[in-house]
>>> print(open('start-v7.txt').read())   # compact mmCIF, C-alpha atoms
# COMPACT_ATOMS: atom_id res chain seq x y z
CA MET A 1 1.82 14.82 -1.37
CA THR A 2 3.22 12.91 1.55
CA PRO A 3 5.26 15.07 3.92
CA SER A 4 7.08 12.56 6.09
CA VAL A 5 7.82 12.93 9.78
CA ARG A 6 10.01 10.01 10.68
CA ARG A 7 10.18 8.40 14.08
CA PRO A 8 13.56 8.58 15.87
CA VAL A 9 16.13 6.25 14.39
CA LEU A 10 16.55 3.20 16.58
CA ALA A 11 20.02 1.97 17.41
CA VAL A 12 19.64 -1.33 15.66
CA VAL A 13 21.83 -3.63 13.67
CA ARG A 14 20.40 -5.28 10.58
CA TRP A 15 21.97 -8.48 9.35
CA ARG A 16 21.57 -8.57 5.59
CA ARG A 17 22.15 -11.21 2.93
CA SER A 18 22.04 -10.24 -0.72
CA VAL A 19 22.05 -12.60 -3.64
CA THR A 20 22.51 -12.06 -7.36
CA ALA A 21 19.91 -13.00 -9.94
CA SER A 22 21.87 -16.13 -10.87
CA ALA A 23 21.72 -17.35 -7.26
CA VAL A 24 18.16 -16.40 -6.39
CA ALA A 25 16.72 -19.88 -6.88
CA THR A 26 19.11 -21.29 -4.30
CA VAL A 27 18.43 -18.52 -1.80
CA LEU A 28 14.67 -18.73 -2.17
CA VAL A 29 14.79 -22.35 -1.05
CA ALA A 30 18.07 -23.12 0.68
CA GLY A 31 18.08 -19.72 2.39
CA ALA A 32 14.84 -20.45 4.22
CA SER A 33 16.47 -20.83 7.62
CA ALA A 34 18.28 -17.52 7.09
CA ALA A 35 14.87 -15.85 6.80
CA GLY A 36 13.81 -17.42 10.08
CA ALA A 37 11.60 -19.74 8.10
CA GLY A 38 12.58 -23.32 8.77
CA PRO A 39 14.53 -26.06 6.98
CA ALA A 40 15.75 -25.84 3.42
CA GLN A 41 13.73 -27.38 0.60
CA ALA A 42 14.73 -28.87 -2.74
CA ASP A 43 16.51 -26.50 -5.11
CA THR A 44 13.82 -25.19 -7.47
CA ALA A 45 13.51 -21.91 -9.33
CA PRO A 46 10.93 -19.42 -8.03
CA ALA A 47 7.62 -19.51 -9.84
CA LYS A 48 6.88 -16.68 -12.25
CA ALA A 49 3.74 -14.61 -12.69
CA ASP A 50 1.51 -15.26 -15.68
CA ASP A 51 3.16 -12.51 -17.76
CA GLY A 52 6.70 -13.65 -16.91
CA ALA A 53 7.35 -11.31 -13.99
CA GLN A 54 9.90 -12.95 -11.74
CA ILE A 55 11.82 -12.55 -8.51
CA THR A 56 15.49 -12.04 -9.35
CA GLN A 57 16.89 -11.30 -5.89
CA GLU A 58 16.00 -11.84 -2.25
CA THR A 59 17.67 -9.88 0.56
CA LYS A 60 17.23 -10.62 4.23
CA VAL A 61 16.36 -7.47 6.20
CA ALA A 62 15.62 -9.04 9.59
CA ASP A 63 14.14 -12.22 11.03
CA HIS A 64 10.87 -12.83 9.18
CA GLU A 65 11.53 -9.84 6.90
CA VAL A 66 12.88 -9.88 3.34
CA ASP A 67 13.13 -7.60 0.33
CA VAL A 68 12.65 -9.05 -3.13
CA THR A 69 13.56 -7.56 -6.49
CA ILE A 70 10.94 -8.16 -9.15
CA SER A 71 11.65 -7.97 -12.87
CA SER A 72 8.34 -6.62 -14.11
CA PRO A 73 7.09 -6.64 -17.72
CA ALA A 74 4.21 -4.43 -16.59
CA LEU A 75 6.66 -1.72 -15.52
CA GLY A 76 9.41 -2.43 -18.01
CA LYS A 77 11.98 -2.48 -15.22
CA SER A 78 12.88 -4.05 -11.88
CA VAL A 79 11.56 -2.71 -8.56
CA LYS A 80 11.47 -3.96 -4.98
CA THR A 81 8.87 -5.23 -2.55
CA ARG A 82 9.26 -5.74 1.21
CA ILE A 83 7.65 -8.76 2.89
CA LEU A 84 6.95 -9.52 6.54
CA LEU A 85 6.69 -13.28 7.00
CA PRO A 86 4.49 -14.99 9.61
CA LYS A 87 6.19 -16.54 12.63
CA ASP A 88 5.51 -20.11 11.45
CA TRP A 89 6.28 -19.46 7.77
CA LYS A 90 8.23 -22.25 6.04
CA ARG A 91 9.64 -22.29 2.56
CA GLY A 92 7.80 -24.74 0.33
CA SER A 93 4.99 -25.30 2.81
CA ALA A 94 1.56 -26.10 1.42
CA GLN A 95 0.06 -23.78 4.04
CA THR A 96 -1.25 -20.38 3.01
CA TRP A 97 -1.62 -17.25 5.10
CA PRO A 98 -3.98 -14.27 5.03
CA VAL A 99 -2.21 -11.31 3.47
CA LEU A 100 -2.25 -7.54 3.95
CA TYR A 101 -0.98 -5.30 1.18
CA ALA A 102 0.34 -1.97 2.53
CA TYR A 103 0.58 0.76 -0.11
CA HIS A 104 2.62 3.93 0.37
CA GLY A 105 2.01 7.52 -0.68
CA GLY A 106 3.76 9.87 -3.08
CA GLN A 107 7.45 10.68 -2.47
CA ASP A 108 7.70 7.51 -0.37
CA ASN A 109 8.67 3.98 -1.35
CA TYR A 110 8.36 0.30 -0.44
CA THR A 111 10.34 0.82 2.79
CA SER A 112 8.17 3.67 4.09
CA TRP A 113 5.78 1.62 6.23
CA THR A 114 8.65 0.00 8.13
CA LYS A 115 10.63 3.26 8.37
CA ASN A 116 7.79 5.34 9.73
CA THR A 117 5.61 2.93 11.71
CA ASP A 118 5.84 -0.12 13.96
CA ILE A 119 4.13 -2.31 11.37
CA GLU A 120 6.61 -5.12 12.08
CA ALA A 121 5.50 -5.24 15.72
CA TRP A 122 1.83 -4.99 14.74
CA ALA A 123 2.20 -7.87 12.28
CA ALA A 124 4.20 -10.03 14.71
CA LYS A 125 1.10 -10.39 16.89
CA TYR A 126 -0.81 -12.16 14.12
CA ASP A 127 -0.39 -15.07 11.75
CA VAL A 128 -0.33 -12.81 8.70
CA LEU A 129 1.79 -12.07 5.66
CA VAL A 130 2.36 -8.35 5.00
CA VAL A 131 3.45 -7.20 1.54
CA MET A 132 4.71 -3.65 0.87
CA PRO A 133 5.25 -3.16 -2.87
CA GLU A 134 6.93 -0.28 -4.62
CA GLY A 135 4.53 2.34 -5.96
CA GLU A 136 6.94 5.02 -7.20
CA ASN A 137 5.58 8.45 -6.39
CA GLY A 138 2.19 7.03 -5.53
CA SER A 139 1.24 5.67 -8.94
CA TYR A 140 -1.71 3.29 -8.65
CA THR A 141 -2.94 2.90 -12.20
CA ASP A 142 -1.91 1.55 -15.58
CA TRP A 143 -0.86 4.83 -17.19
CA TYR A 144 -3.15 6.19 -19.89
CA ASN A 145 -0.26 7.65 -21.90
CA TYR A 146 -2.56 9.80 -24.04
CA GLY A 147 -4.68 6.80 -24.95
CA LYS A 148 -1.74 4.68 -26.10
CA GLY A 149 -1.38 2.63 -22.90
CA GLY A 150 1.87 0.80 -22.29
CA THR A 151 4.26 1.06 -19.37
CA PRO A 152 4.21 1.75 -16.54
CA LYS A 153 1.29 -0.47 -15.58
CA TRP A 154 1.24 -0.10 -11.81
CA GLU A 155 -2.21 -1.59 -11.34
CA THR A 156 -1.15 -4.70 -13.25
CA PHE A 157 2.05 -4.86 -11.23
CA HIS A 158 0.21 -4.68 -7.90
CA THR A 159 -2.94 -6.68 -8.57
CA ALA A 160 -1.50 -9.37 -10.85
CA GLU A 161 2.30 -9.65 -10.81
CA VAL A 162 3.00 -9.04 -7.12
CA ARG A 163 -0.10 -10.97 -6.03
CA GLN A 164 0.79 -14.02 -8.14
CA LEU A 165 4.44 -13.99 -7.08
CA MET A 166 3.46 -13.80 -3.42
CA GLU A 167 0.93 -16.61 -3.82
CA ARG A 168 3.27 -18.88 -5.78
CA ASN A 169 6.45 -18.31 -3.76
CA TYR A 170 5.52 -17.09 -0.27
CA GLY A 171 2.25 -18.76 0.60
CA ALA A 172 0.02 -15.71 0.28
CA GLY A 173 -3.57 -16.90 0.44
CA ALA A 174 -6.72 -15.77 -1.31
CA VAL A 175 -8.01 -13.81 1.72
CA ARG A 176 -6.59 -10.31 1.41
CA ALA A 177 -6.81 -6.80 2.80
CA ALA A 178 -5.20 -3.53 1.75
CA ILE A 179 -4.23 -0.39 3.62
CA GLY A 180 -2.76 2.75 2.11
CA ASN A 181 -1.80 6.27 3.11
CA SER A 182 -2.32 9.29 0.86
CA SER A 183 -2.24 8.12 -2.78
CA GLY A 184 -1.86 4.57 -1.46
CA GLY A 185 -5.31 4.93 0.10
CA GLN A 186 -6.76 6.03 -3.22
CA GLY A 187 -5.02 3.06 -4.82
CA ALA A 188 -6.44 0.59 -2.31
CA PHE A 189 -10.02 1.81 -2.87
CA SER A 190 -9.62 2.01 -6.65
CA TYR A 191 -8.24 -1.53 -6.80
CA ALA A 192 -11.02 -2.86 -4.57
CA ALA A 193 -13.68 -1.30 -6.79
CA ARG A 194 -12.05 -2.30 -10.07
CA HIS A 195 -11.44 -5.87 -8.87
CA PRO A 196 -14.48 -6.83 -6.77
CA GLY A 197 -13.65 -9.62 -4.35
CA LEU A 198 -9.91 -8.97 -4.43
CA PHE A 199 -9.93 -7.65 -0.86
CA LYS A 200 -12.06 -8.42 2.19
CA TYR A 201 -11.12 -5.09 3.79
CA VAL A 202 -9.61 -1.85 2.50
CA ALA A 203 -8.43 1.16 4.50
CA SER A 204 -7.57 4.62 3.24
CA LEU A 205 -5.63 7.03 5.44
CA SER A 206 -5.93 10.55 3.99
CA GLY A 207 -6.47 9.19 0.51
CA VAL A 208 -8.20 11.07 -2.32
CA LEU A 209 -11.46 9.16 -2.75
CA SER A 210 -13.29 11.58 -5.02
CA MET A 211 -10.75 12.29 -7.74
CA ARG A 212 -13.02 14.42 -9.93
CA SER A 213 -14.45 16.72 -7.24
CA ALA A 214 -13.92 20.47 -7.59
CA GLY A 215 -10.23 21.37 -7.49
CA MET A 216 -9.01 17.81 -6.97
CA PRO A 217 -7.79 17.09 -10.53
CA ALA A 218 -5.67 20.25 -10.39
CA MET A 219 -4.21 19.24 -7.02
CA LEU A 220 -3.42 15.73 -8.24
CA MET A 221 -1.78 16.99 -11.42
CA PHE A 222 0.21 19.63 -9.52
CA THR A 223 1.43 16.97 -7.09
CA ASN A 224 2.44 14.55 -9.85
CA ALA A 225 4.14 17.30 -11.85
CA GLY A 226 6.12 18.13 -8.72
CA ASN A 227 7.27 14.51 -8.67
CA GLY A 228 8.77 14.99 -12.13
CA GLN A 229 6.00 13.16 -13.96
CA ASP A 230 3.86 14.18 -16.92
CA PRO A 231 0.56 14.65 -15.09
CA PHE A 232 -1.54 14.16 -18.23
CA ALA A 233 0.04 10.77 -18.94
CA ILE A 234 -1.32 9.13 -15.79
CA TRP A 235 -5.12 9.28 -16.09
CA GLY A 236 -5.31 11.60 -19.09
CA ILE A 237 -6.40 15.22 -19.41
CA PRO A 238 -9.22 16.08 -17.01
CA TRP A 239 -12.58 16.59 -18.71
CA ALA A 240 -11.15 15.61 -22.11
CA ASP A 241 -10.40 12.10 -20.82
CA ASP A 242 -13.07 12.10 -18.12
CA ALA A 243 -14.17 8.53 -18.87
CA ASN A 244 -10.73 7.23 -17.90
CA TRP A 245 -10.63 9.37 -14.77
CA ALA A 246 -14.06 8.03 -13.79
CA ALA A 247 -12.89 4.47 -14.43
CA HIS A 248 -10.34 4.88 -11.61
CA ASP A 249 -12.25 7.19 -9.26
CA PRO A 250 -13.47 5.53 -6.04
CA TYR A 251 -16.41 7.97 -5.95
CA ALA A 252 -17.58 6.98 -9.43
CA LEU A 253 -17.01 3.29 -8.63
CA ALA A 254 -18.49 3.41 -5.12
CA GLY A 255 -21.29 0.95 -5.87
CA LYS A 256 -18.72 -1.71 -6.69
CA LEU A 257 -17.28 -1.42 -3.18
CA ARG A 258 -20.38 -3.04 -1.72
CA GLY A 259 -19.40 -6.30 -0.04
CA THR A 260 -15.91 -5.08 0.91
CA GLN A 261 -15.35 -3.78 4.43
CA LEU A 262 -14.37 -0.11 4.09
CA PHE A 263 -12.52 2.27 6.38
CA PHE A 264 -11.36 5.77 5.55
CA SER A 265 -10.09 8.69 7.60
CA ALA A 266 -8.83 12.23 7.14
CA GLY A 267 -8.38 15.54 8.92
CA THR A 268 -10.41 18.63 8.08
CA THR A 269 -9.33 21.64 10.15
CA GLY A 270 -5.86 22.42 8.86
CA ARG A 271 -4.50 22.38 12.40
CA PRO A 272 -1.80 20.01 13.72
CA GLY A 273 -3.00 16.95 15.59
CA PRO A 274 -1.34 14.90 18.35
CA GLY A 275 2.30 14.17 17.51
CA ASP A 276 2.34 16.47 14.49
CA PRO A 277 5.21 18.96 14.09
CA ASP A 278 4.71 22.60 14.99
CA VAL A 279 4.44 24.13 11.52
CA ALA A 280 3.07 27.34 10.05
CA PRO A 281 -0.65 27.48 9.13
CA TRP A 282 0.29 27.62 5.44
CA ASP A 283 2.30 24.39 5.66
CA ILE A 284 1.51 22.15 2.66
CA GLY A 285 0.86 19.18 4.93
CA LEU A 286 -1.91 21.13 6.68
CA LEU A 287 -3.38 22.73 3.57
CA SER A 288 -3.46 19.50 1.61
CA GLU A 289 -5.22 17.70 4.45
CA ILE A 290 -8.00 20.30 4.41
CA ALA A 291 -8.64 19.42 0.75
CA VAL A 292 -8.41 15.68 1.41
CA GLY A 293 -10.74 15.95 4.40
CA ALA A 294 -13.39 17.77 2.34
CA ASP A 295 -12.94 15.15 -0.37
CA ASN A 296 -13.47 12.31 2.13
CA LYS A 297 -16.62 13.98 3.46
CA GLU A 298 -17.99 14.11 -0.08
CA PHE A 299 -17.18 10.44 -0.56
CA LYS A 300 -18.85 9.60 2.75
CA LYS A 301 -22.03 11.38 1.70
CA HIS A 302 -22.06 9.44 -1.57
CA LEU A 303 -21.76 6.10 0.23
CA ASP A 304 -24.68 7.11 2.42
CA GLU A 305 -26.74 7.87 -0.69
CA LEU A 306 -25.88 4.45 -2.12
CA LYS A 307 -26.41 2.76 1.25
CA VAL A 308 -22.95 1.17 1.03
CA PRO A 309 -21.72 0.25 4.55
CA TYR A 310 -18.46 1.74 5.82
CA THR A 311 -16.58 2.92 8.88
CA SER A 312 -14.94 6.34 8.85
CA ASP A 313 -13.03 8.69 11.12
CA ILE A 314 -13.18 12.28 9.90
CA TYR A 315 -11.19 13.46 12.86
CA GLY A 316 -10.63 17.20 12.53
CA ASP A 317 -7.11 18.18 13.61
CA GLY A 318 -4.30 16.36 11.85
CA ARG A 319 -1.58 17.00 9.30
CA HIS A 320 -1.03 14.99 6.11
CA ASN A 321 1.75 12.92 7.66
CA TRP A 322 2.72 9.72 9.46
CA PRO A 323 1.76 10.61 13.04
CA ALA A 324 -1.88 10.82 11.98
CA TRP A 325 -1.66 7.64 9.92
CA ILE A 326 -0.01 5.73 12.75
CA ARG A 327 -2.87 6.69 15.09
CA GLU A 328 -5.46 5.51 12.58
CA SER A 329 -3.58 2.31 11.71
CA THR A 330 -3.29 1.17 15.30
CA LYS A 331 -7.02 1.77 15.83
CA ILE A 332 -8.09 -0.40 12.93
CA TRP A 333 -5.37 -3.08 12.91
CA PRO A 334 -7.41 -5.61 14.95
CA SER A 335 -10.40 -5.08 12.62
CA ILE A 336 -8.25 -5.72 9.56
CA MET A 337 -6.83 -8.90 11.07
CA LYS A 338 -10.31 -10.12 12.03
CA ALA A 339 -11.65 -9.45 8.53
CA ILE A 340 -9.02 -11.70 6.93
CA GLY A 341 -9.02 -14.34 9.66
CA ALA A 342 -5.47 -13.68 10.87
CA LYS A 343 -5.14 -15.37 14.25
CA GLN A 344 -3.25 -13.87 17.17
CA VAL A 345 0.02 -15.61 18.05
CA ALA A 346 2.43 -15.53 20.96
CA VAL A 347 4.65 -12.52 20.44
CA THR A 348 8.38 -12.85 20.07
CA ALA A 349 10.61 -9.93 19.14
CA ARG A 350 11.43 -9.49 15.50
CA HIS A 351 15.20 -9.02 15.43
CA ARG A 352 16.17 -6.04 13.37
>>> encode(input="start-v7.txt", output="structure tokens")
Amino acid sequence: MTPSVRRPVLAVVRWRRSVTASAVATVLVAGASAAGAGPAQADTAPAKADDGAQITQETKVADHEVDVTISSPALGKSVKTRILLPKDWKRGSAQTWPVLYAYHGGQDNYTSWTKNTDIEAWAAKYDVLVVMPEGENGSYTDWYNYGKGGTPKWETFHTAEVRQLMERNYGAGAVRAAIGNSSGGQGAFSYAARHPGLFKYVASLSGVLSMRSAGMPAMLMFTNAGNGQDPFAIWGIPWADDANWAAHDPYALAGKLRGTQLFFSAGTTGRPGPGDPDVAPWDIGLLSEIAVGADNKEFKKHLDELKVPYTSDIYGDGRHNWPAWIRESTKIWPSIMKAIGAKQVAVTARHR
């Protein structure tokens, strides 16, 4: 449900360094200067998460930018996460940094924010850690699996494993925000409601925020089936397993969002917005945004009824794609940074 319009490919050269699982402990400490992070520290193994999740590989992508491979018990496999490190980040430092988690939408992956936006440049202006975890087709829940549970547990991966690994190995602090596009926006709001206090600020860009509204379960299941997934295994069968759907629905959980700064946006008209491609009126990116926009308006009305504060931008023209999400992200970036106390820093180019 995330048609992607990519920005022009820049003529850049990326210097990369990959390490095997057997060498990761050395790279995570002795490779600090290679990550633009300062002097090497003593050779110690990376700390694990509470359930044994561990970082098995670190790859340098650019100065202050690394990819890590995480062996995840919650998922039953290894997946990757991309990290943007603050300018003054140092391996082994006792300092902690405010952190922003950036979640992607369906049919995208952990590289999508850096491929489609200038998030590296946005982050470079602030003393902030940015973490972009894998979500695999936009999954942001521990799968119901017809009531049996078990893997994949994406919520556990994001809110426990990744969080703990970032805090124990990269200096991620306890002051956090989350931003997500499409299903990543739904995930950010669901996580914030299900884990009160986890985030100071959450932003949804064209996310489904009322999962059980008329027609929305069918659209979600159709989208997930198109991704090759069993749509009933994720949250269960609509109506039959309504309690589990409600337990993950931002609309049903809206009262628990009180105390978290909220932002959400979506288009409503089904017409292209600034920077969108010239597509037919029946384009899926336009049609899906009509449904998401109506869904966001319903969610907005519900917050008003509950008197839960929020900021929204129901902007009319705009396709379900990155040009719209880039516009919204750049508008709210200073507000996100302020909410988590990320200070502005002197800007130097991030070498890619």
>>> residues_around(input="start-v7.txt", residues="A:Lys148", least_positions_apart="4", cutoff="10 Å", atoms="only C-alpha atoms", output="list in words")
Trp143, Tyr144 and Ala233 of chain A
>>> write_last_selection(input="start-v7.txt", atoms="C-alpha atoms", output="PDB file, in the coordinates of the input")
ATOM      1  CA  TRP A 143      -0.860   4.830 -17.190  1.00  0.00           C
ATOM      2  CA  TYR A 144      -3.150   6.190 -19.890  1.00  0.00           C
ATOM      3  CA  ALA A 233       0.040  10.770 -18.940  1.00  0.00           C
TER       4      ALA A 233
END
>>> closest_residue(input="start-v7.txt", among="A:Leu257, A:Leu129, A:Ile234, A:Ile179", to="A:Gly197", atoms="only C-alpha atoms")
A:Leu257
>>> atom_distance(input="start-v7.txt", atom1="atom CA of A:Ala192", atom2="atom CA of A:Ala49")
20.5 Å
>>> atom_distance(input="start-v7.txt", atom1="atom CA of A:Gly228", atom2="atom CA of A:Gly138")
12.3 Å
>>> residues_near_point(input="start-v7.txt", point="(2.8, 10.0, 16.8)", cutoff="7 Å", atoms="all atoms listed in the file", output="list in words")
Pro274, Gly275, Asp276, Pro323, Ala324, Ile326 and Arg327 of chain A
>>> atom_distance(input="start-v7.txt", atom1="atom CA of A:Ala342", atom2="atom CA of A:Asp127")
5.3 Å
>>> closest_residue(input="start-v7.txt", among="A:Ser112, A:Thr141, A:Arg168, A:His320", to="A:Ala45", atoms="only C-alpha atoms")
A:Arg168
>>> closest_residue(input="start-v7.txt", among="A:Ser206, A:Ser93, A:Gln344, A:Asn227", to="A:Ala294", atoms="only C-alpha atoms")
A:Ser206
>>> residues_around(input="start-v7.txt", residues="A:Ile55", least_positions_apart="3", cutoff="7 Å", atoms="all atoms listed in the file", output="ChimeraX atom specification")
/A:46,68-71
>>> write_last_selection(input="start-v7.txt", atoms="C-alpha atoms", output="compact mmCIF listing (two decimals), in the frame of the given file")
# COMPACT_ATOMS: atom_id res chain seq x y z
CA PRO A 46 10.93 -19.42 -8.03
CA VAL A 68 12.65 -9.05 -3.13
CA THR A 69 13.56 -7.56 -6.49
CA ILE A 70 10.94 -8.16 -9.15
CA SER A 71 11.65 -7.97 -12.87
>>> closest_residue(input="start-v7.txt", among="A:Thr223, A:Ser213, A:Thr268, A:Thr111", to="A:Ser183", atoms="only C-alpha atoms")
A:Thr223
>>> residues_near_point(input="start-v7.txt", point="(11.8, -6.8, -2.8)", cutoff="9 Å", atoms="all atoms listed in the file", output="list in words")
Ile55, Gln57, Glu58, Thr59, Val66, Asp67, Val68, Thr69, Ile70, Val79, Lys80, Thr81, Arg82, Ile83, Tyr110, Met132, Pro133 and Glu134 of chain A
>>> write_last_selection(input="start-v7.txt", atoms="C-alpha atoms", output="PDB file, keeping the file's coordinate frame")
ATOM      1  CA  ILE A  55      11.820 -12.550  -8.510  1.00  0.00           C
ATOM      2  CA  GLN A  57      16.890 -11.300  -5.890  1.00  0.00           C
ATOM      3  CA  GLU A  58      16.000 -11.840  -2.250  1.00  0.00           C
ATOM      4  CA  THR A  59      17.670  -9.880   0.560  1.00  0.00           C
ATOM      5  CA  VAL A  66      12.880  -9.880   3.340  1.00  0.00           C
ATOM      6  CA  ASP A  67      13.130  -7.600   0.330  1.00  0.00           C
ATOM      7  CA  VAL A  68      12.650  -9.050  -3.130  1.00  0.00           C
ATOM      8  CA  THR A  69      13.560  -7.560  -6.490  1.00  0.00           C
ATOM      9  CA  ILE A  70      10.940  -8.160  -9.150  1.00  0.00           C
ATOM     10  CA  VAL A  79      11.560  -2.710  -8.560  1.00  0.00           C
ATOM     11  CA  LYS A  80      11.470  -3.960  -4.980  1.00  0.00           C
ATOM     12  CA  THR A  81       8.870  -5.230  -2.550  1.00  0.00           C
ATOM     13  CA  ARG A  82       9.260  -5.740   1.210  1.00  0.00           C
ATOM     14  CA  ILE A  83       7.650  -8.760   2.890  1.00  0.00           C
ATOM     15  CA  TYR A 110       8.360   0.300  -0.440  1.00  0.00           C
ATOM     16  CA  MET A 132       4.710  -3.650   0.870  1.00  0.00           C
ATOM     17  CA  PRO A 133       5.250  -3.160  -2.870  1.00  0.00           C
ATOM     18  CA  GLU A 134       6.930  -0.280  -4.620  1.00  0.00           C
TER      19      GLU A 134
END
>>> residues_around(input="start-v7.txt", residues="A:Arg212", least_positions_apart="4", cutoff="9 Å", atoms="all atoms listed in the file", output="PyMOL selection string")
chain A and resi 216-217+238+242+245-246+249+251-252
>>> residues_around(input="start-v7.txt", residues="A:Lys300", least_positions_apart="4", cutoff="12 Å", atoms="only C-alpha atoms", output="MDAnalysis selection string")
chainID A and resid 208:210 250:251 254 262:266 293:296 304:314
>>> residues_around(input="start-v7.txt", residues="A:Lys125", least_positions_apart="3", cutoff="8 Å", atoms="all atoms listed in the file", output="ChimeraX atom specification")
/A:121-122,344-347
>>> closest_residue(input="start-v7.txt", among="A:Pro334, A:Glu328, A:Gly318, A:Ala339", to="A:Thr260", atoms="only C-alpha atoms")
A:Ala339
>>> closest_residue(input="start-v7.txt", among="A:Ala172, A:Pro86, A:Leu205, A:Gln164", to="A:Trp322", atoms="all atoms listed in the file")
A:Leu205
